[in-house]
Amino acid sequence: MVPRSLSPKERKDFSEVIMSFTYQEALFEARRCLYCYDAPCIKGCPAGVNVPEFIARIRSENVLGAAKVIYAANPLGSICGRICPTEALCEKACTSKLLNVPIAIGHLQRFACDFALSKGKVIFPYPKPDKDPVAVVGGGPAGLSCAHFLRLQGYDVTLFEKEDALGGLLLHGIPRYRLPEQPAKEEIALITSGLKRERGVLNREQAERILSEFQAVFLSPGSNIPVKLDIPGEEEEGVISANDLLREVAPSKAPLPSFEGKEVAVIGGGASAMDAARTSLRLGAAKAFLLYRRSKEEMPAFPSEFEGALEEGVEFYWLVSPVEIRRINGRLELKLERMKLGAPDESGRRSPVRTGRYFRMEFDLIIKAIAALPDRESLKIWPGLELDRNGYPISKDGQSTNPKIFLGGDILKAGTVVQAVADGKTAAGRIDSWLKQGGAR
């Protein structure tokens with residue numbers, strides 16, 4: 001059972017698309033759970049939420065108790081209940097799918113956490129710090145998670161973040177139709193209550209000071225440098241990045257750009273590409289096309305993301321790759337090469353292979369959404385932090401080449417918010433263990 005969602009015709013603005021379960025719907029769905037002894041759904045959750053336990057509490061109408069179970073493992077329970085790709089994680093592992101369909105674990109998690117938040121019953125019991133000072137650099141989901149679990153253990157945590165608002169992509173990169181501001185801000189505020197904070201780290205002198213003043217550092221600056229197409233005409237006016245677009249429309253009260261009547265091309269096949277295409281339609285675009293160099297089966301976007309875009313009218317062109325952009329008569333002409341699939345590459349997906357066959361399409365706006373990389377220059381300021389050829393820090397089990405620096409989130413290629421939460425949680429445990437063994441002393 002899934003909750004009601006807005007019909008495609010109703011999705012004209014940034015209102016949340018999927019509704020929450022009603023109380024009775026949640027009870028009905030919870031009663032479908034088999035409560036497996038060796039529950040595979042727990043192993044399918046990167047954050048390790050005890051799924052059968054929280055569902056059993058919903059079933060017994062102890063919804064606040066269910067939320068308590070969730071928040072013990074994941075401080076961003078309501079957020080993840082909305083945006084987790086559950087079909088590829090806990091629900092993929094759900095035993096009930098062998099009988100019918102998997103339990104709607106994500107929707108039940110959202111229901112329990114929203115219920116507890118609405119009652120003002122979510123309180124994190126941070127003790128007065130009595131352990132070593134630890135720095136967390138980066139206020140996204142990985143940094144918030146690490147700070148949360150360190151504080152629960154009594155560490156004296158200071159968070160460094162350059163943005164005024166904490167949350168990273170939770171507030172600046174996920175459209176409001178998937179994640180409204182209210183639950184995001186509520187959970188972030190609960191985590192950051194009483195947390196010491198300083199501005200972001202901008203130069204080597206500041207980095208050296210932090211390394212000298214703190215016993216360990218958790219580094220999670222995210223990946224926010226859009227990968228270039230590296231084709232002629234990429235700098236033409238009207239060619240923008242998905243990162244910039246999503247950041248511009250994220251604040252609910254910001255003046256929104258207008259794509260009224262425009263035909264928009266989005267290049268890419270991941271979550272950002274889907275969000276950029278769906279956002280374009282909400283901004284008034286006449287048509288939104290998504291162009292991807294592989295086939296649907298190789299696309300990195302999760303099925304729910306693809307289905308949402310398809311329902312809303314996004315048109316897909318598979319096995320095409322951009323070659324050149326030219327401005328002609330006020331429009332952007334995009335030269336595309338038809339591709340075919342070759343052998344699997346290192347990611348396990350079949351590689352796109354050039355065919356030498358070309359065609360052209362015209363658009364009013366082109367959005368690049370192929371990937372994002374870490375800011376190499378912002379990482380180079382950290383002494384002893386070695387990077388690989390793509391700009392990612394070299395690490396072993398989340399610990400960098402500078403033993404005082406632990407890593408998480410996008411710079412460990414987390415890919416999802418729940419994995420970033422898991423990275424922060426794991427790092428907090430590793431920092432605790434490392435410091436107890438003497439740390440860098």
# chains A, B, ... in the order shown; residues from 1 in each chain; ligands from 1
>>> select_by_dssp(residues="stretch 220-407 of chain A", states="strand (DSSP E or B)", output="VMD selection string")
chain A and resid 225 to 226 239 to 241 263 to 267 287 to 292 315 to 318 320 to 328 331 to 344 350 to 363 365 to 368 372 to 373 387 393 395 to 396 399 to 400 405 to 407
>>> closest_atom_pairs(of="stretch 402-438 of chain A", to="stretch 371-385 of chain A", cutoff="10 Å", atoms="only C-alpha atoms", output="CSV")
residue,atom,partner,partner_atom,distance
A:Asn402,CA,A:Gly384,CA,4.9
A:Pro403,CA,A:Gly384,CA,8.6
A:Lys404,CA,A:Gly384,CA,9.5
A:Ile405,CA,A:Leu385,CA,8.0
A:Asp410,CA,A:Pro374,CA,7.7
A:Ile411,CA,A:Pro374,CA,6.4
A:Leu412,CA,A:Pro374,CA,9.9
A:Lys413,CA,A:Leu373,CA,9.4
>>> write_last_selection(atoms="C-alpha atoms", output="PDB file, in the first residue's frame")
ATOM      1  CA  ASN A 402      46.323  12.272   7.536  1.00  0.00           C
ATOM      2  CA  PRO A 403      45.272  10.019  10.446  1.00  0.00           C
ATOM      3  CA  LYS A 404      43.538  12.906  12.257  1.00  0.00           C
ATOM      4  CA  ILE A 405      41.152  13.448   9.331  1.00  0.00           C
ATOM      5  CA  ASP A 410      29.998  12.760  -1.176  1.00  0.00           C
ATOM      6  CA  ILE A 411      33.794  12.702  -0.928  1.00  0.00           C
ATOM      7  CA  LEU A 412      33.369   8.998  -0.142  1.00  0.00           C
ATOM      8  CA  LYS A 413      30.848   8.801  -3.013  1.00  0.00           C
TER       9      LYS A 413
END
>>> residues_around(residues="A:Glu53", least_positions_apart="5", cutoff="9 Å", atoms="only C-alpha atoms", output="ChimeraX atom specification")
/A:35,58,66,69
>>> residues_around(residues="stretch 433-439 of chain A", least_positions_apart="6", cutoff="12 Å", atoms="only C-alpha atoms", output="VMD selection string")
chain A and resid 131 to 134 150 153 155 214 to 217 399 402 to 406 426 to 427
>>> write_last_selection(atoms="C-alpha atoms", output="JSON list (two decimals), in the first residue's frame")
[["chain", "number", "residue", "atom", "x", "y", "z"],
["A", 131, "LYS", "CA", 35.59, 14.40, 26.09],
["A", 132, "ASP", "CA", 38.15, 15.67, 23.58],
["A", 133, "PRO", "CA", 37.30, 18.52, 21.15],
["A", 134, "VAL", "CA", 36.46, 17.24, 17.66],
["A", 150, "LEU", "CA", 29.83, 12.33, 18.66],
["A", 153, "GLN", "CA", 29.06, 10.14, 23.30],
["A", 155, "TYR", "CA", 32.53, 14.83, 22.69],
["A", 214, "PHE", "CA", 41.15, 19.58, 17.77],
["A", 215, "GLN", "CA", 41.98, 15.95, 18.44],
["A", 216, "ALA", "CA", 40.22, 14.73, 15.28],
["A", 217, "VAL", "CA", 38.51, 16.21, 12.24],
["A", 399, "GLN", "CA", 40.33, 7.50, 7.52],
["A", 402, "ASN", "CA", 46.32, 12.27, 7.54],
["A", 403, "PRO", "CA", 45.27, 10.02, 10.45],
["A", 404, "LYS", "CA", 43.54, 12.91, 12.26],
["A", 405, "ILE", "CA", 41.15, 13.45, 9.33],
["A", 406, "PHE", "CA", 38.15, 11.16, 8.85],
["A", 426, "THR", "CA", 30.37, 5.18, 11.30],
["A", 427, "ALA", "CA", 33.00, 7.92, 11.44]]
>>> residues_around(residues="A:Leu76", least_positions_apart="4", cutoff="8 Å", atoms="only C-alpha atoms", output="PDB file with N, CA and C atoms, in the first residue's frame")
ATOM      1  N   TYR A  71      14.854   7.240  15.400  1.00  0.00           N
ATOM      2  CA  TYR A  71      15.799   8.319  15.696  1.00  0.00           C
ATOM      3  C   TYR A  71      17.036   7.828  16.442  1.00  0.00           C
ATOM      4  N   CYS A  80      14.755  11.172   5.565  1.00  0.00           N
ATOM      5  CA  CYS A  80      15.041   9.941   4.822  1.00  0.00           C
ATOM      6  C   CYS A  80      13.770   9.173   4.490  1.00  0.00           C
ATOM      7  N   GLU A 187      14.297  18.872  11.740  1.00  0.00           N
ATOM      8  CA  GLU A 187      15.280  17.874  12.156  1.00  0.00           C
ATOM      9  C   GLU A 187      16.676  18.472  12.254  1.00  0.00           C
ATOM     10  N   ILE A 188      17.021  19.350  11.336  1.00  0.00           N
ATOM     11  CA  ILE A 188      18.332  20.014  11.407  1.00  0.00           C
ATOM     12  C   ILE A 188      18.440  20.836  12.692  1.00  0.00           C
ATOM     13  N   VAL A 421      24.366   9.791   6.067  1.00  0.00           N
ATOM     14  CA  VAL A 421      24.079   9.651   7.503  1.00  0.00           C
ATOM     15  C   VAL A 421      24.876   8.480   8.076  1.00  0.00           C
TER      16      VAL A 421
END
